[in-house]
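Visitor: Okay, so here is run.pdb, and as you'll see once you scroll down, it has PDB, C-alpha atoms.
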```pdb
ATOM      1  CA  MET U  29    -183.200   3.412 -30.784  1.00  0.00           C
ATOM      2  CA  PHE U  30    -183.371   1.731 -27.366  1.00  0.00           C
ATOM      3  CA  GLU U  31    -183.256   4.722 -25.031  1.00  0.00           C
ATOM      4  CA  LYS U  32    -185.045   2.839 -22.267  1.00  0.00           C
ATOM      5  CA  ILE U  33    -184.643  -0.885 -21.629  1.00  0.00           C
ATOM      6  CA  LEU U  34    -186.742  -2.806 -19.103  1.00  0.00           C
ATOM      7  CA  VAL U  35    -185.199  -5.915 -17.530  1.00  0.00           C
ATOM      8  CA  PRO U  36    -187.255  -8.131 -15.200  1.00  0.00           C
ATOM      9  CA  LEU U  37    -185.073  -9.751 -12.522  1.00  0.00           C
ATOM     10  CA  ASP U  38    -186.055 -12.621 -10.263  1.00  0.00           C
ATOM     11  CA  GLY U  39    -182.592 -13.574  -9.058  1.00  0.00           C
ATOM     12  CA  SER U  40    -182.352 -16.633 -11.312  1.00  0.00           C
ATOM     13  CA  GLU U  41    -179.385 -17.392 -13.546  1.00  0.00           C
ATOM     14  CA  HIS U  42    -181.639 -16.915 -16.587  1.00  0.00           C
ATOM     15  CA  SER U  43    -182.675 -13.400 -15.564  1.00  0.00           C
ATOM     16  CA  LEU U  44    -179.039 -12.488 -14.901  1.00  0.00           C
ATOM     17  CA  LYS U  45    -178.090 -13.690 -18.398  1.00  0.00           C
ATOM     18  CA  GLY U  46    -180.784 -11.393 -19.742  1.00  0.00           C
ATOM     19  CA  LEU U  47    -179.353  -8.553 -17.677  1.00  0.00           C
ATOM     20  CA  GLU U  48    -175.873  -9.075 -19.137  1.00  0.00           C
ATOM     21  CA  VAL U  49    -177.264  -8.860 -22.675  1.00  0.00           C
ATOM     22  CA  ALA U  50    -179.250  -5.739 -21.744  1.00  0.00           C
ATOM     23  CA  ILE U  51    -176.101  -4.137 -20.356  1.00  0.00           C
ATOM     24  CA  GLU U  52    -174.252  -4.707 -23.644  1.00  0.00           C
ATOM     25  CA  ILE U  53    -177.162  -3.244 -25.626  1.00  0.00           C
ATOM     26  CA  GLY U  54    -177.377  -0.360 -23.170  1.00  0.00           C
ATOM     27  CA  LYS U  55    -173.695   0.429 -23.631  1.00  0.00           C
ATOM     28  CA  GLN U  56    -174.097   0.462 -27.422  1.00  0.00           C
ATOM     29  CA  PHE U  57    -177.143   2.758 -27.431  1.00  0.00           C
ATOM     30  CA  GLY U  58    -176.500   4.904 -24.352  1.00  0.00           C
ATOM     31  CA  SER U  59    -179.650   3.485 -22.782  1.00  0.00           C
ATOM     32  CA  ILE U  60    -181.092   3.743 -19.320  1.00  0.00           C
ATOM     33  CA  ILE U  61    -181.739   0.252 -17.972  1.00  0.00           C
ATOM     34  CA  THR U  62    -184.653  -0.118 -15.600  1.00  0.00           C
ATOM     35  CA  ILE U  63    -184.566  -3.316 -13.591  1.00  0.00           C
ATOM     36  CA  ILE U  64    -187.850  -4.515 -12.148  1.00  0.00           C
ATOM     37  CA  HIS U  65    -188.591  -7.135  -9.534  1.00  0.00           C
ATOM     38  CA  ILE U  66    -192.156  -8.242  -8.938  1.00  0.00           C
ATOM     39  CA  TYR U  67    -192.915 -10.030  -5.709  1.00  0.00           C
ATOM     40  CA  SER U  68    -196.119 -11.768  -4.832  1.00  0.00           C
ATOM     41  CA  VAL U  69    -197.281 -13.138  -1.540  1.00  0.00           C
ATOM     42  CA  THR U  70    -199.426 -15.933  -2.915  1.00  0.00           C
ATOM     43  CA  VAL U  71    -200.475 -17.382   0.431  1.00  0.00           C
ATOM     44  CA  ARG U  72    -203.749 -15.779   1.395  1.00  0.00           C
ATOM     45  CA  PRO U  73    -203.996 -16.559   5.095  1.00  0.00           C
ATOM     46  CA  ILE U  74    -206.955 -15.912   7.357  1.00  0.00           C
ATOM     47  CA  VAL U  75    -206.035 -12.844   9.393  1.00  0.00           C
ATOM     48  CA  VAL U  76    -207.219 -12.420  12.954  1.00  0.00           C
ATOM     49  CA  PRO U  77    -206.265  -9.886  15.625  1.00  0.00           C
ATOM     50  CA  GLU U  78    -205.353 -12.585  18.173  1.00  0.00           C
ATOM     51  CA  PRO U  79    -202.169 -14.667  18.242  1.00  0.00           C
ATOM     52  CA  ALA U  80    -201.917 -17.523  15.763  1.00  0.00           C
ATOM     53  CA  THR U  81    -204.001 -20.530  16.678  1.00  0.00           C
ATOM     54  CA  LEU U  82    -205.751 -23.369  14.978  1.00  0.00           C
ATOM     55  CA  THR U  83    -209.373 -23.078  13.949  1.00  0.00           C
ATOM     56  CA  PRO U  84    -211.768 -25.844  15.055  1.00  0.00           C
ATOM     57  CA  SER U  85    -211.184 -27.532  11.699  1.00  0.00           C
ATOM     58  CA  GLY U  86    -207.429 -27.577  12.334  1.00  0.00           C
ATOM     59  CA  VAL U  87    -206.552 -24.912   9.744  1.00  0.00           C
ATOM     60  CA  PRO U  88    -203.702 -22.640  10.892  1.00  0.00           C
ATOM     61  CA  VAL U  89    -204.537 -18.982  11.315  1.00  0.00           C
ATOM     62  CA  MET U  90    -202.022 -16.159  10.955  1.00  0.00           C
ATOM     63  CA  THR U  91    -202.053 -12.830  12.714  1.00  0.00           C
ATOM     64  CA  ALA U  92    -201.781  -9.570  10.794  1.00  0.00           C
ATOM     65  CA  GLU U  93    -198.266  -9.232  12.222  1.00  0.00           C
ATOM     66  CA  GLU U  94    -197.219 -12.599  10.789  1.00  0.00           C
ATOM     67  CA  VAL U  95    -198.609 -11.692   7.371  1.00  0.00           C
ATOM     68  CA  ALA U  96    -196.740  -8.372   7.494  1.00  0.00           C
ATOM     69  CA  LYS U  97    -193.509 -10.258   8.248  1.00  0.00           C
ATOM     70  CA  ILE U  98    -194.009 -12.453   5.165  1.00  0.00           C
ATOM     71  CA  VAL U  99    -194.641  -9.423   2.952  1.00  0.00           C
ATOM     72  CA  GLU U 100    -191.622  -7.611   4.390  1.00  0.00           C
ATOM     73  CA  ALA U 101    -189.407 -10.657   3.753  1.00  0.00           C
ATOM     74  CA  ALA U 102    -190.554 -10.700   0.110  1.00  0.00           C
ATOM     75  CA  ARG U 103    -189.750  -6.976  -0.202  1.00  0.00           C
ATOM     76  CA  ARG U 104    -186.303  -7.458   1.352  1.00  0.00           C
ATOM     77  CA  GLU U 105    -185.513 -10.260  -1.092  1.00  0.00           C
ATOM     78  CA  GLY U 106    -186.718  -8.097  -3.986  1.00  0.00           C
ATOM     79  CA  ASN U 107    -184.512  -5.236  -2.862  1.00  0.00           C
ATOM     80  CA  ARG U 108    -181.563  -7.634  -2.592  1.00  0.00           C
ATOM     81  CA  VAL U 109    -182.121  -8.863  -6.168  1.00  0.00           C
ATOM     82  CA  LEU U 110    -182.383  -5.275  -7.431  1.00  0.00           C
ATOM     83  CA  ALA U 111    -179.272  -4.165  -5.536  1.00  0.00           C
ATOM     84  CA  GLU U 112    -177.256  -6.987  -7.131  1.00  0.00           C
ATOM     85  CA  GLY U 113    -178.558  -6.015 -10.574  1.00  0.00           C
ATOM     86  CA  GLU U 114    -177.788  -2.355  -9.935  1.00  0.00           C
ATOM     87  CA  ARG U 115    -174.229  -3.226  -8.896  1.00  0.00           C
ATOM     88  CA  ARG U 116    -173.659  -5.191 -12.119  1.00  0.00           C
ATOM     89  CA  ILE U 117    -175.046  -2.410 -14.315  1.00  0.00           C
ATOM     90  CA  GLU U 118    -173.165   0.417 -12.614  1.00  0.00           C
ATOM     91  CA  ALA U 119    -169.916  -1.574 -12.852  1.00  0.00           C
ATOM     92  CA  LYS U 120    -170.285  -1.384 -16.655  1.00  0.00           C
ATOM     93  CA  GLY U 121    -170.944   2.369 -16.619  1.00  0.00           C
ATOM     94  CA  VAL U 122    -174.591   2.182 -17.705  1.00  0.00           C
ATOM     95  CA  ARG U 123    -177.351   4.271 -16.130  1.00  0.00           C
ATOM     96  CA  VAL U 124    -179.818   2.302 -14.032  1.00  0.00           C
ATOM     97  CA  GLU U 125    -183.186   2.710 -12.338  1.00  0.00           C
ATOM     98  CA  LYS U 126    -184.920   0.223 -10.039  1.00  0.00           C
ATOM     99  CA  VAL U 127    -188.594  -0.689  -9.652  1.00  0.00           C
ATOM    100  CA  LEU U 128    -189.982  -2.974  -6.937  1.00  0.00           C
ATOM    101  CA  VAL U 129    -193.686  -3.818  -7.143  1.00  0.00           C
ATOM    102  CA  GLU U 130    -196.102  -6.327  -5.721  1.00  0.00           C
ATOM    103  CA  GLY U 131    -198.386  -8.100  -8.127  1.00  0.00           C
ATOM    104  CA  HIS U 132    -198.643 -10.508 -11.011  1.00  0.00           C
ATOM    105  CA  ALA U 133    -195.337 -10.658 -12.922  1.00  0.00           C
ATOM    106  CA  VAL U 134    -196.698 -10.484 -16.469  1.00  0.00           C
ATOM    107  CA  GLN U 135    -199.252  -7.780 -15.722  1.00  0.00           C
ATOM    108  CA  GLU U 136    -196.722  -5.586 -13.918  1.00  0.00           C
ATOM    109  CA  ILE U 137    -193.998  -5.969 -16.550  1.00  0.00           C
ATOM    110  CA  VAL U 138    -196.434  -5.060 -19.324  1.00  0.00           C
ATOM    111  CA  ARG U 139    -197.937  -2.176 -17.307  1.00  0.00           C
ATOM    112  CA  VAL U 140    -194.542  -0.665 -16.485  1.00  0.00           C
ATOM    113  CA  ALA U 141    -193.387  -1.092 -20.103  1.00  0.00           C
ATOM    114  CA  LYS U 142    -196.479   0.751 -21.379  1.00  0.00           C
ATOM    115  CA  GLU U 143    -196.479   3.513 -18.778  1.00  0.00           C
ATOM    116  CA  GLY U 144    -192.736   4.082 -19.105  1.00  0.00           C
ATOM    117  CA  SER U 145    -192.701   4.027 -22.932  1.00  0.00           C
ATOM    118  CA  PHE U 146    -189.864   1.502 -23.001  1.00  0.00           C
ATOM    119  CA  GLY U 147    -188.217   0.708 -26.324  1.00  0.00           C
ATOM    120  CA  LEU U 148    -187.174  -2.834 -25.398  1.00  0.00           C
ATOM    121  CA  ILE U 149    -187.765  -5.522 -22.799  1.00  0.00           C
ATOM    122  CA  VAL U 150    -184.932  -8.000 -22.246  1.00  0.00           C
ATOM    123  CA  ILE U 151    -186.053 -11.090 -20.348  1.00  0.00           C
ATOM    124  CA  GLY U 152    -184.502 -14.414 -19.428  1.00  0.00           C
ATOM    125  CA  ALA U 153    -185.998 -17.485 -21.073  1.00  0.00           C
ATOM    126  CA  ARG U 154    -186.841 -19.232 -17.836  1.00  0.00           C
ATOM    127  CA  GLY U 155    -187.287 -17.989 -14.286  1.00  0.00           C
ATOM    128  CA  ILE U 156    -186.995 -19.645 -10.931  1.00  0.00           C
ATOM    129  CA  SER U 157    -189.635 -22.362 -11.089  1.00  0.00           C
ATOM    130  CA  ARG U 158    -189.951 -24.827 -13.973  1.00  0.00           C
ATOM    131  CA  ILE U 159    -192.892 -26.501 -12.242  1.00  0.00           C
ATOM    132  CA  ARG U 160    -194.764 -23.198 -11.976  1.00  0.00           C
ATOM    133  CA  GLU U 161    -193.946 -22.522 -15.639  1.00  0.00           C
ATOM    134  CA  ILE U 162    -195.461 -25.839 -16.687  1.00  0.00           C
ATOM    135  CA  LEU U 163    -198.564 -25.314 -14.562  1.00  0.00           C
ATOM    136  CA  LEU U 164    -199.156 -21.607 -15.094  1.00  0.00           C
ATOM    137  CA  GLY U 165    -197.393 -20.829 -18.369  1.00  0.00           C
ATOM    138  CA  SER U 166    -194.186 -18.975 -18.979  1.00  0.00           C
ATOM    139  CA  VAL U 167    -193.835 -15.368 -17.823  1.00  0.00           C
ATOM    140  CA  SER U 168    -191.527 -14.654 -20.756  1.00  0.00           C
ATOM    141  CA  ASP U 169    -194.005 -16.171 -23.227  1.00  0.00           C
ATOM    142  CA  ALA U 170    -196.866 -14.055 -21.871  1.00  0.00           C
ATOM    143  CA  VAL U 171    -194.726 -10.901 -21.902  1.00  0.00           C
ATOM    144  CA  ILE U 172    -193.840 -11.545 -25.552  1.00  0.00           C
ATOM    145  CA  HIS U 173    -197.532 -11.752 -26.429  1.00  0.00           C
ATOM    146  CA  HIS U 174    -198.672  -8.682 -24.478  1.00  0.00           C
ATOM    147  CA  ALA U 175    -195.725  -6.268 -24.490  1.00  0.00           C
ATOM    148  CA  PRO U 176    -196.129  -2.868 -26.129  1.00  0.00           C
ATOM    149  CA  CYS U 177    -192.566  -2.962 -27.481  1.00  0.00           C
ATOM    150  CA  PRO U 178    -190.016  -5.439 -28.838  1.00  0.00           C
ATOM    151  CA  VAL U 179    -188.969  -8.214 -26.460  1.00  0.00           C
ATOM    152  CA  LEU U 180    -185.587  -9.891 -26.557  1.00  0.00           C
ATOM    153  CA  LEU U 181    -185.750 -13.377 -25.063  1.00  0.00           C
ATOM    154  CA  VAL U 182    -182.350 -14.521 -23.790  1.00  0.00           C
ATOM    155  CA  LYS U 183    -181.772 -18.275 -23.498  1.00  0.00           C
TER     156      LYS U 183
END
```
As structure tokens, what does this structure read like?

Guide:
Amino acid sequence: MFEKILVPLDGSEHSLKGLEVAIEIGKQFGSIITIIHIYSVTVRPIVVPEPATLTPSGVPVMTAEEVAKIVEAARREGNRVLAEGERRIEAKGVRVEKVLVEGHAVQEIVRVAKEGSFGLIVIGARGISRIREILLGSVSDAVIHHAPCPVLLVK
């Protein structure tokens, strides 16, 4: 029934609770669990080829190298989150795959679920930032409304 389960991980306690539920379901159905981490570098700095300076208006400017360092740090953190998830899944004897992508969380979760023909998405009820959730809406709520398959919301 649930041959392929998609589990978004952001490193929060809520996403890890979702992962634990997914692992139990995966054990019951012999599923492959795919864990996904979506990172986004939301700061859109002005990039110049010279070293960082201040513009005449006093706005900081970042070099391409500095922007690359920020993106690389986000990737490293994503890989760390996925490695922890992979360790937990493998310890329970369930097959696991990892996906690391840059983009908008809801769009990427829904895209991967569609393209991968997943049978179930298991997602934590609340991610890292409650303030962002209030301002931008809940990732889990949007996934529920746009997912191509059943979604299990774990509180």

Visitor: I would like the residues chosen by the PyMOL selection byres ((chain U and resi 111-127) around 9) on the shown file; could you give them as a list in words?

Guide: Leu37, Gly39, Leu44, Leu47, Glu48, Ile51, Glu52, Gly54, Lys55, Gly58, Ser59, Ile60, Ile61, Thr62, Ile63, Ile64, His65, Ile66, Gly106, Asn107, Arg108, Val109, Leu110, Leu128 and Val129 of chain U

Visitor: Write out the residues from the selection above, keeping C-alpha atoms, as a PDB file, in the frame of the given file.

Guide:
```
ATOM      1  CA  LEU U  37    -185.073  -9.751 -12.522  1.00  0.00           C
ATOM      2  CA  GLY U  39    -182.592 -13.574  -9.058  1.00  0.00           C
ATOM      3  CA  LEU U  44    -179.039 -12.488 -14.901  1.00  0.00           C
ATOM      4  CA  LEU U  47    -179.353  -8.553 -17.677  1.00  0.00           C
ATOM      5  CA  GLU U  48    -175.873  -9.075 -19.137  1.00  0.00           C
ATOM      6  CA  ILE U  51    -176.101  -4.137 -20.356  1.00  0.00           C
ATOM      7  CA  GLU U  52    -174.252  -4.707 -23.644  1.00  0.00           C
ATOM      8  CA  GLY U  54    -177.377  -0.360 -23.170  1.00  0.00           C
ATOM      9  CA  LYS U  55    -173.695   0.429 -23.631  1.00  0.00           C
ATOM     10  CA  GLY U  58    -176.500   4.904 -24.352  1.00  0.00           C
ATOM     11  CA  SER U  59    -179.650   3.485 -22.782  1.00  0.00           C
ATOM     12  CA  ILE U  60    -181.092   3.743 -19.320  1.00  0.00           C
ATOM     13  CA  ILE U  61    -181.739   0.252 -17.972  1.00  0.00           C
ATOM     14  CA  THR U  62    -184.653  -0.118 -15.600  1.00  0.00           C
ATOM     15  CA  ILE U  63    -184.566  -3.316 -13.591  1.00  0.00           C
ATOM     16  CA  ILE U  64    -187.850  -4.515 -12.148  1.00  0.00           C
ATOM     17  CA  HIS U  65    -188.591  -7.135  -9.534  1.00  0.00           C
ATOM     18  CA  ILE U  66    -192.156  -8.242  -8.938  1.00  0.00           C
ATOM     19  CA  GLY U 106    -186.718  -8.097  -3.986  1.00  0.00           C
ATOM     20  CA  ASN U 107    -184.512  -5.236  -2.862  1.00  0.00           C
ATOM     21  CA  ARG U 108    -181.563  -7.634  -2.592  1.00  0.00           C
ATOM     22  CA  VAL U 109    -182.121  -8.863  -6.168  1.00  0.00           C
ATOM     23  CA  LEU U 110    -182.383  -5.275  -7.431  1.00  0.00           C
ATOM     24  CA  LEU U 128    -189.982  -2.974  -6.937  1.00  0.00           C
ATOM     25  CA  VAL U 129    -193.686  -3.818  -7.143  1.00  0.00           C
TER      26      VAL U 129
END
```

Visitor: Which one of U:Ala96, U:Val182, U:Gly46, U:Val171 sits closest to Ala133 (chain U) if you count only C-alpha atoms?

Guide: U:Val171

Visitor: Could you check which of U:Met90, U:Ile53, U:Ile98, U:Cys177 is closest to Val140 (chain U), using only C-alpha atoms?

Guide: U:Cys177

Visitor: Can you measure CA of His42 (chain U) to CA of Val150 (chain U) for me? One decimal in Å is fine.

Guide: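 According to the coordinates, CA of His42 (chain U) and CA of Val150 (chain U) are separated by 11.1 Å.
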
Visitor: Enter the distance from CA of Asp169 (chain U) to CA of Ala153 (chain U), in Å, rounded to one decimal.

Guide: 8.4 Å

Visitor: Using all atoms listed in the file, can you list as a list of chain:residue names the residues within 12 Å of (-192.3, 3.5, -22.1)?

Guide: U:Phe30, U:Glu31, U:Lys32, U:Ile33, U:Leu34, U:Ile60, U:Ile61, U:Thr62, U:Ile137, U:Val138, U:Arg139, U:Val140, U:Ala141, U:Lys142, U:Glu143, U:Gly144, U:Ser145, U:Phe146, U:Gly147, U:Leu148, U:Ile149, U:Ala175, U:Pro176, U:Cys177, U:Pro178

Visitor: For the residues selected in the previous step, produce a file with C-alpha atoms as a compact mmCIF listing (two decimals), keeping the file's coordinate frame.

Guide:
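Below you can see selection_37.txt, which holds the result:
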```
# COMPACT_ATOMS: atom_id res chain seq x y z
CA PHE U 30 -183.37 1.73 -27.37
CA GLU U 31 -183.26 4.72 -25.03
CA LYS U 32 -185.04 2.84 -22.27
CA ILE U 33 -184.64 -0.88 -21.63
CA LEU U 34 -186.74 -2.81 -19.10
CA ILE U 60 -181.09 3.74 -19.32
CA ILE U 61 -181.74 0.25 -17.97
CA THR U 62 -184.65 -0.12 -15.60
CA ILE U 137 -194.00 -5.97 -16.55
CA VAL U 138 -196.43 -5.06 -19.32
CA ARG U 139 -197.94 -2.18 -17.31
CA VAL U 140 -194.54 -0.66 -16.48
CA ALA U 141 -193.39 -1.09 -20.10
CA LYS U 142 -196.48 0.75 -21.38
CA GLU U 143 -196.48 3.51 -18.78
CA GLY U 144 -192.74 4.08 -19.10
CA SER U 145 -192.70 4.03 -22.93
CA PHE U 146 -189.86 1.50 -23.00
CA GLY U 147 -188.22 0.71 -26.32
CA LEU U 148 -187.17 -2.83 -25.40
CA ILE U 149 -187.76 -5.52 -22.80
CA ALA U 175 -195.72 -6.27 -24.49
CA PRO U 176 -196.13 -2.87 -26.13
CA CYS U 177 -192.57 -2.96 -27.48
CA PRO U 178 -190.02 -5.44 -28.84
```

Visitor: Would you please work out which residue, of U:Val35, U:Ala102, U:Val49, U:Ala92, is nearest to Ser68 (chain U) when using all atoms listed in the file?

Guide: U:Ala102

Visitor: Which residue gives the smallest distance to Gln135 (chain U) among U:Ile172, U:Leu180, U:Met29, U:Val99, with all atoms listed in the file counted?

Guide: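 Residue with the minimum atom-to-atom distance to Gln135 (chain U): U:Ile172.
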
Visitor: Have a look at CA of Pro36 (chain U) and CA of Lys97 (chain U) and let me know their distance in Å, one decimal.

Guide: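 Here the two named atoms are 24.4 Å from each other.
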
Visitor: Pick out the closest residue to Ile151 (chain U) from this set: U:His132, U:Lys45, U:Arg104, U:His174. Count only C-alpha atoms.

Guide: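 For Ile151 (chain U), the nearest of the given residues is U:Lys45.
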
Visitor: With distances taken over all atoms listed in the file, which residue among U:Glu93, U:Val167, U:Val179, U:Tyr67 lies nearest Ala50 (chain U)?

Guide: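 With all atoms listed in the file as the atom set, the closest residue is U:Val179.
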